[in-house]
Amino acid sequence: MTEQQKPIRILALESSCDETAAAVVEDGRRILSNVVFSQIDLHALYGGVVPEIASRAHVEACDRVVDQALQRSGLSFDQIDALAVTYGPGLVGALLTGVSCMKGLSYALRKPLIPVNHIEGHICANYLTSPELEPPFLCLVVSGGHSHLVQVPDWAAYTLLGQTQDDAAGEAFDKAARVLGLPYPGGPRIDALAEEGDPAFLKLPEPKVEGRYDYSFSGVKTAFLNAVNRLEMTGQPLPKADLAASFRHAVVEQLVSKAMLAAAETGARRIALAGGVSANRELRRRMTEACEAAGLPLYLPRLELCGDNGAMIGSAAYWRFLRGETAPLTLNAVPGLRLV
Ligand code: KG4
Ligand code: ZN
């Protein structure tokens with residue numbers, strides 16, 4: 001990547017799910033502002049994200065969040081070089097809100113608009129956390145909607161090595177949490193509860209998957225549900241911490257073993273984690289141990305950059321901006337957008 005004389009500042013918006021988030025990022029590496037408006041309180045009542053409520057909340061929050069991000073960056077619109085927006089994957093209404101907002105701004109300000117893939121954004125959160133990180137590296141992307149093992153051979157270039165055959169890791173955590181009666185989003189709650197529990201309490205099955213680097217979490221989830229049902233029939237209080245620890249252990253074990261297998265077999269020189277589930281304490285610990293044992297540097301996104309945020313979109317947009325990849329005003333949301 002060639003050195004830029006003048007810094008490139010990008011104002012980015014993320015609205016693919018239940019966070020309305022905007023940020024200003026300089027040269028894909030430095031966060032000048034990062035504003036995240038979470039809708040969790042609006043959805044908690046329903047035990048999950050309600051798409052219609054999410055879209056409405058994004059419409060109400062978009063302008064304010066973008067304004068705040070600009071204000072906190074200390075810049076004016078004149079000093080912004082480009083705009084960026086997540087256009088997929090995600091909830092169609094939620095994405096459309098963000099895309100429309102940034103298309104309007106792009107037209108009014110006559111500034112280029114860069115379309116960003118949400119999963120690519122998660123991967124790029126690592127460039128913000130670790131200024132020295134450069135491709136090539138192997139990335140384990142684990143979020144509420146995706147569980148991918150991705151090779152990153154170059155800037156904004158990706159090869160898919162494996163993915164989940166059914167549930168995403170975050171989705172599995174959320175479902176297991178619901179079984180234990182924990183509120184949405186369940187991933188962080190299971191993680192916290194598991195810290196006090198015994199992971200050996202319940203042995204959960206290892207999945208059978210065809211692809212060497214593919215994942216599967218539905219069998220673990222069903223076995224967990226059955227075990228909880230059996231325990232409930234005894235009329236005794238559920239050992240929730242032990243159950244949470246056992247579930248977390250099974251999911252993390254699978255994530256770590258496949259990632260390390262892929263790293264060894266593809267000759268990866270460094271590994272990164274990305275996505276909401278990369279905040280998981282056990283996953284961070286186990287990957288740290290495994291990478292130390294394998295002599296591979298590990299890159300973990302800062303905790304506040306693991307979940308959805310605008311800064312990761314601003315970083316991802318930078319590498320595409322350098323290549324002149326901008327969107328026409330006909331840009332549409334693509335809910336099922338793939339990384340590769
Ligand atoms: O990346 P993200 O914010 O949104 C998507 O792109 O999906 O990921 C959200 C997911 C949720 O399923 C949430 O429960 C999970 O990440 N999550 C966690 C933890 N923190 C968030 N799962 C396990 N342990 C955590 N500490
Ligand atoms: Zn996400």
# chains A, B, ... in the order shown; residues from 1 in each chain; ligands from 1

$ residues_around --residues "A:Ala227" --least-positions-apart "4" --cutoff "10 Å" --atoms "only C-alpha atoms" --output "PyMOL selection string"
chain A and resi 202-204+221-223+231-232+243

$ closest_atom_pairs --of "chain A" --to "ligand 2" --cutoff "12 Å" --atoms "only C-alpha atoms and all ligand atoms" --output "CSV"
residue,atom,partner,partner_atom_place_in_ligand_line,distance
A:Glu14,CA,ligand 2,1 (Zn),9.3
A:Ser15,CA,ligand 2,1 (Zn),9.7
A:Ser16,CA,ligand 2,1 (Zn),7.7
A:Cys17,CA,ligand 2,1 (Zn),7.6
A:Asp18,CA,ligand 2,1 (Zn),9.4
A:Glu19,CA,ligand 2,1 (Zn),9.2
A:Thr20,CA,ligand 2,1 (Zn),11.6
A:Ala21,CA,ligand 2,1 (Zn),11.4
A:Thr86,CA,ligand 2,1 (Zn),10.4
A:Gly88,CA,ligand 2,1 (Zn),10.3
A:Pro89,CA,ligand 2,1 (Zn),9.1
A:Gly90,CA,ligand 2,1 (Zn),8.5
A:Leu91,CA,ligand 2,1 (Zn),11.3
A:Asn117,CA,ligand 2,1 (Zn),10.2
A:His118,CA,ligand 2,1 (Zn),6.4
A:Ile119,CA,ligand 2,1 (Zn),6.7
A:Glu120,CA,ligand 2,1 (Zn),9.6
A:Gly121,CA,ligand 2,1 (Zn),8.1
A:His122,CA,ligand 2,1 (Zn),6.5
A:Ile123,CA,ligand 2,1 (Zn),10.0
A:Cys124,CA,ligand 2,1 (Zn),11.8
A:Ala125,CA,ligand 2,1 (Zn),10.8
A:Val141,CA,ligand 2,1 (Zn),9.5
A:Val142,CA,ligand 2,1 (Zn),8.7
A:Ser143,CA,ligand 2,1 (Zn),5.8
A:Gly144,CA,ligand 2,1 (Zn),6.8
A:Gly145,CA,ligand 2,1 (Zn),7.5
A:His146,CA,ligand 2,1 (Zn),8.4
A:Ser147,CA,ligand 2,1 (Zn),10.9
A:Ala168,CA,ligand 2,1 (Zn),11.6
A:Gly170,CA,ligand 2,1 (Zn),10.0
A:Glu171,CA,ligand 2,1 (Zn),11.7
A:Ala274,CA,ligand 2,1 (Zn),9.0
A:Gly275,CA,ligand 2,1 (Zn),5.7
A:Gly276,CA,ligand 2,1 (Zn),6.2
A:Val277,CA,ligand 2,1 (Zn),9.4
A:Ser278,CA,ligand 2,1 (Zn),10.8
A:Leu305,CA,ligand 2,1 (Zn),10.0
A:Cys306,CA,ligand 2,1 (Zn),8.1
A:Gly307,CA,ligand 2,1 (Zn),5.9
A:Asp308,CA,ligand 2,1 (Zn),4.6
A:Asn309,CA,ligand 2,1 (Zn),8.0
A:Gly310,CA,ligand 2,1 (Zn),10.5
A:Met312,CA,ligand 2,1 (Zn),9.9
A:Ile313,CA,ligand 2,1 (Zn),10.4

$ residues_around --residues "A:Arg189" --least-positions-apart "5" --cutoff "8 Å" --atoms "only C-alpha atoms" --output "ChimeraX atom specification"
/A:177,182-183

$ write_last_selection --atoms "N, CA, C and O atoms" --output "tab-separated table (two decimals), in the first residue's frame"
chain	number	residue	atom	x	y	z
A	177	ALA	N	-28.53	-19.34	25.84
A	177	ALA	CA	-28.84	-18.41	26.94
A	177	ALA	C	-30.34	-18.37	27.18
A	177	ALA	O	-30.80	-18.33	28.32
A	182	LEU	N	-31.87	-16.60	30.33
A	182	LEU	CA	-31.10	-15.34	30.40
A	182	LEU	C	-31.61	-14.38	29.34
A	182	LEU	O	-32.01	-14.80	28.26
A	183	PRO	N	-31.58	-13.08	29.62
A	183	PRO	CA	-32.13	-12.12	28.65
A	183	PRO	C	-31.24	-11.93	27.42
A	183	PRO	O	-30.05	-12.26	27.44

$ residues_around --residues "A:Arg270" --least-positions-apart "4" --cutoff "6 Å" --atoms "only C-alpha atoms" --output "PyMOL selection string"
chain A and resi 137+296-297

$ write_last_selection --atoms "C-alpha atoms" --output "compact mmCIF listing (two decimals), in the first residue's frame"
# COMPACT_ATOMS: atom_id res chain seq x y z
CA PHE A 137 -3.34 -13.48 7.91
CA LEU A 296 1.89 -17.66 15.85
CA PRO A 297 1.12 -14.00 16.61

$ residues_around --residues "stretch 159-167 of chain A" --least-positions-apart "3" --cutoff "7 Å" --atoms "only C-alpha atoms" --output "count of residues only"
16

$ atom_distance --atom1 "atom CA of A:Thr234" --atom2 "atom 14 (O, counted along the ligand's line) of ligand 1"
28.8 Å

$ residues_around --residues "A:Lys240" --least-positions-apart "5" --cutoff "10 Å" --atoms "only C-alpha atoms" --output "short mmCIF file (atom, residue, chain, number, x, y, z; two decimals) with N, CA and C atoms, in the first residue's frame"
data_model
loop_
_atom_site.label_atom_id
_atom_site.label_comp_id
_atom_site.auth_asym_id
_atom_site.auth_seq_id
_atom_site.Cartn_x
_atom_site.Cartn_y
_atom_site.Cartn_z
N ALA A 177 -28.53 -19.34 25.84
CA ALA A 177 -28.84 -18.41 26.94
C ALA A 177 -30.34 -18.37 27.18
N LEU A 180 -31.55 -21.11 29.22
CA LEU A 180 -31.26 -20.93 30.66
C LEU A 180 -32.04 -19.76 31.26
N GLY A 181 -32.91 -19.16 30.44
CA GLY A 181 -33.74 -18.06 30.94
C GLY A 181 -32.98 -16.75 31.07
N LEU A 182 -31.87 -16.60 30.33
CA LEU A 182 -31.10 -15.34 30.40
C LEU A 182 -31.61 -14.38 29.34
N ILE A 190 -23.95 -15.61 29.02
CA ILE A 190 -23.44 -16.98 29.18
C ILE A 190 -21.96 -16.91 29.54
N LEU A 193 -21.50 -15.83 33.19
CA LEU A 193 -21.95 -16.90 34.09
C LEU A 193 -20.96 -18.07 34.07
N ALA A 194 -20.43 -18.36 32.88
CA ALA A 194 -19.53 -19.50 32.70
C ALA A 194 -18.24 -19.35 33.50
N GLU A 196 -17.89 -18.71 36.44
CA GLU A 196 -18.06 -19.31 37.78
C GLU A 196 -18.35 -20.81 37.71
N GLY A 197 -18.47 -21.37 36.51
CA GLY A 197 -18.95 -22.75 36.40
C GLY A 197 -17.88 -23.76 36.05
N VAL A 228 -30.81 -29.77 29.51
CA VAL A 228 -31.47 -28.82 30.41
C VAL A 228 -32.89 -29.30 30.71
N ALA A 245 -20.86 -22.89 31.43
CA ALA A 245 -19.43 -23.18 31.23
C ALA A 245 -19.27 -24.37 30.28
N SER A 246 -20.14 -25.37 30.41
CA SER A 246 -20.04 -26.55 29.54
C SER A 246 -20.36 -26.18 28.10
#

$ select_by_dssp --residues "stretch 103-166 of chain A" --states "strand (DSSP E or B)" --output "list in words"
Leu113, Ile114, Pro115, Val116, Asn117, Phe137, Leu138, Cys139, Leu140, Val141, Val142, Ser147, His148, Leu149, Val150, Gln151, Val152, Pro153, Asp154, Ala157, Tyr158, Thr159, Leu160, Leu161, Gly162, Gln163 and Thr164 of chain A

$ write_last_selection --atoms "N, CA and C atoms" --output "mmCIF file, in the first residue's frame"
data_model
loop_
_atom_site.group_PDB
_atom_site.id
_atom_site.type_symbol
_atom_site.label_atom_id
_atom_site.label_comp_id
_atom_site.auth_asym_id
_atom_site.auth_seq_id
_atom_site.Cartn_x
_atom_site.Cartn_y
_atom_site.Cartn_z
ATOM 1 N N LEU A 113 -19.168 7.804 -2.143
ATOM 2 C CA LEU A 113 -19.738 6.872 -1.161
ATOM 3 C C LEU A 113 -19.124 5.493 -1.393
ATOM 4 N N ILE A 114 -18.604 4.900 -0.322
ATOM 5 C CA ILE A 114 -17.972 3.581 -0.440
ATOM 6 C C ILE A 114 -18.876 2.534 0.207
ATOM 7 N N PRO A 115 -19.265 1.513 -0.575
ATOM 8 C CA PRO A 115 -20.126 0.468 -0.018
ATOM 9 C C PRO A 115 -19.278 -0.562 0.717
ATOM 10 N N VAL A 116 -19.682 -0.956 1.917
ATOM 11 C CA VAL A 116 -18.853 -1.874 2.717
ATOM 12 C C VAL A 116 -19.648 -3.112 3.126
ATOM 13 N N ASN A 117 -18.980 -4.258 3.016
ATOM 14 C CA ASN A 117 -19.532 -5.527 3.498
ATOM 15 C C ASN A 117 -19.321 -5.575 5.015
ATOM 16 N N PHE A 137 -3.038 -12.819 6.633
ATOM 17 C CA PHE A 137 -3.337 -13.478 7.907
ATOM 18 C C PHE A 137 -4.598 -14.319 7.765
ATOM 19 N N LEU A 138 -4.793 -15.171 8.774
ATOM 20 C CA LEU A 138 -5.992 -16.005 8.820
ATOM 21 C C LEU A 138 -6.938 -15.355 9.818
ATOM 22 N N CYS A 139 -8.228 -15.264 9.468
ATOM 23 C CA CYS A 139 -9.161 -14.617 10.396
ATOM 24 C C CYS A 139 -10.353 -15.520 10.714
ATOM 25 N N LEU A 140 -10.618 -15.667 11.990
ATOM 26 C CA LEU A 140 -11.806 -16.385 12.447
ATOM 27 C C LEU A 140 -12.872 -15.330 12.743
ATOM 28 N N VAL A 141 -13.900 -15.295 11.888
ATOM 29 C CA VAL A 141 -14.975 -14.304 12.042
ATOM 30 C C VAL A 141 -16.156 -14.965 12.723
ATOM 31 N N VAL A 142 -16.465 -14.528 13.939
ATOM 32 C CA VAL A 142 -17.554 -15.150 14.701
ATOM 33 C C VAL A 142 -18.507 -14.079 15.215
ATOM 34 N N SER A 147 -20.115 -17.475 11.038
ATOM 35 C CA SER A 147 -18.925 -18.120 11.604
ATOM 36 C C SER A 147 -18.098 -18.576 10.417
ATOM 37 N N HIS A 148 -17.082 -17.805 10.092
ATOM 38 C CA HIS A 148 -16.281 -18.032 8.895
ATOM 39 C C HIS A 148 -14.807 -18.158 9.267
ATOM 40 N N LEU A 149 -14.109 -19.036 8.558
ATOM 41 C CA LEU A 149 -12.646 -19.037 8.609
ATOM 42 C C LEU A 149 -12.188 -18.462 7.271
ATOM 43 N N VAL A 150 -11.510 -17.329 7.347
ATOM 44 C CA VAL A 150 -11.206 -16.579 6.131
ATOM 45 C C VAL A 150 -9.704 -16.342 6.013
ATOM 46 N N GLN A 151 -9.181 -16.555 4.815
ATOM 47 C CA GLN A 151 -7.794 -16.155 4.549
ATOM 48 C C GLN A 151 -7.823 -14.729 4.019
ATOM 49 N N VAL A 152 -6.915 -13.891 4.530
ATOM 50 C CA VAL A 152 -6.829 -12.520 4.038
ATOM 51 C C VAL A 152 -5.450 -12.379 3.386
ATOM 52 N N PRO A 153 -5.352 -12.676 2.086
ATOM 53 C CA PRO A 153 -4.041 -12.678 1.432
ATOM 54 C C PRO A 153 -3.527 -11.272 1.150
ATOM 55 N N ASP A 154 -4.446 -10.292 1.070
ATOM 56 C CA ASP A 154 -4.051 -8.932 0.700
ATOM 57 C C ASP A 154 -5.103 -7.960 1.235
ATOM 58 N N ALA A 157 -8.973 -8.401 0.227
ATOM 59 C CA ALA A 157 -9.052 -9.637 -0.565
ATOM 60 C C ALA A 157 -9.283 -10.793 0.400
ATOM 61 N N TYR A 158 -10.176 -11.683 0.048
ATOM 62 C CA TYR A 158 -10.572 -12.734 0.990
ATOM 63 C C TYR A 158 -10.791 -14.067 0.286
ATOM 64 N N THR A 159 -10.412 -15.156 0.969
ATOM 65 C CA THR A 159 -10.703 -16.501 0.496
ATOM 66 C C THR A 159 -11.387 -17.225 1.643
ATOM 67 N N LEU A 160 -12.515 -17.851 1.334
ATOM 68 C CA LEU A 160 -13.263 -18.542 2.384
ATOM 69 C C LEU A 160 -12.733 -19.969 2.529
ATOM 70 N N LEU A 161 -12.244 -20.299 3.739
ATOM 71 C CA LEU A 161 -11.737 -21.656 3.977
ATOM 72 C C LEU A 161 -12.838 -22.561 4.522
ATOM 73 N N GLY A 162 -13.696 -22.009 5.360
ATOM 74 C CA GLY A 162 -14.755 -22.814 5.959
ATOM 75 C C GLY A 162 -15.796 -21.916 6.584
ATOM 76 N N GLN A 163 -16.958 -22.500 6.867
ATOM 77 C CA GLN A 163 -18.022 -21.719 7.504
ATOM 78 C C GLN A 163 -18.980 -22.653 8.223
ATOM 79 N N THR A 164 -19.888 -22.075 8.997
ATOM 80 C CA THR A 164 -20.827 -22.929 9.710
ATOM 81 C C THR A 164 -21.837 -23.531 8.731
#

$ closest_residue --among "A:His58, A:Arg9, A:Arg248, A:Arg323" --to "A:Phe37" --atoms "only C-alpha atoms"
A:His58

$ residues_around --residues "A:Arg302" --least-positions-apart "6" --cutoff "9 Å" --atoms "only C-alpha atoms" --output "PDB file with C-alpha atoms, in the first residue's frame"
ATOM      1  CA  ALA A 125     -11.552  -3.836  13.321  1.00  0.00           C
ATOM      2  CA  ASN A 126      -8.157  -5.498  13.728  1.00  0.00           C
ATOM      3  CA  LEU A 128      -7.755  -0.235  14.131  1.00  0.00           C
ATOM      4  CA  THR A 129      -6.606  -2.187  17.175  1.00  0.00           C
ATOM      5  CA  SER A 130      -3.228  -3.300  15.833  1.00  0.00           C
ATOM      6  CA  ALA A 279     -15.272 -10.690  22.927  1.00  0.00           C
TER       7      ALA A 279
END

$ select_by_dssp --residues "stretch 3-206 of chain A" --states "alpha helix (DSSP H)" --output "VMD selection string"
chain A and resid 40 to 44 51 to 73 92 to 109 118 to 129 169 to 179 186 to 194

$ atom_distance --atom1 "atom CA of A:Ser73" --atom2 "atom CA of A:Arg30"
11.0 Å
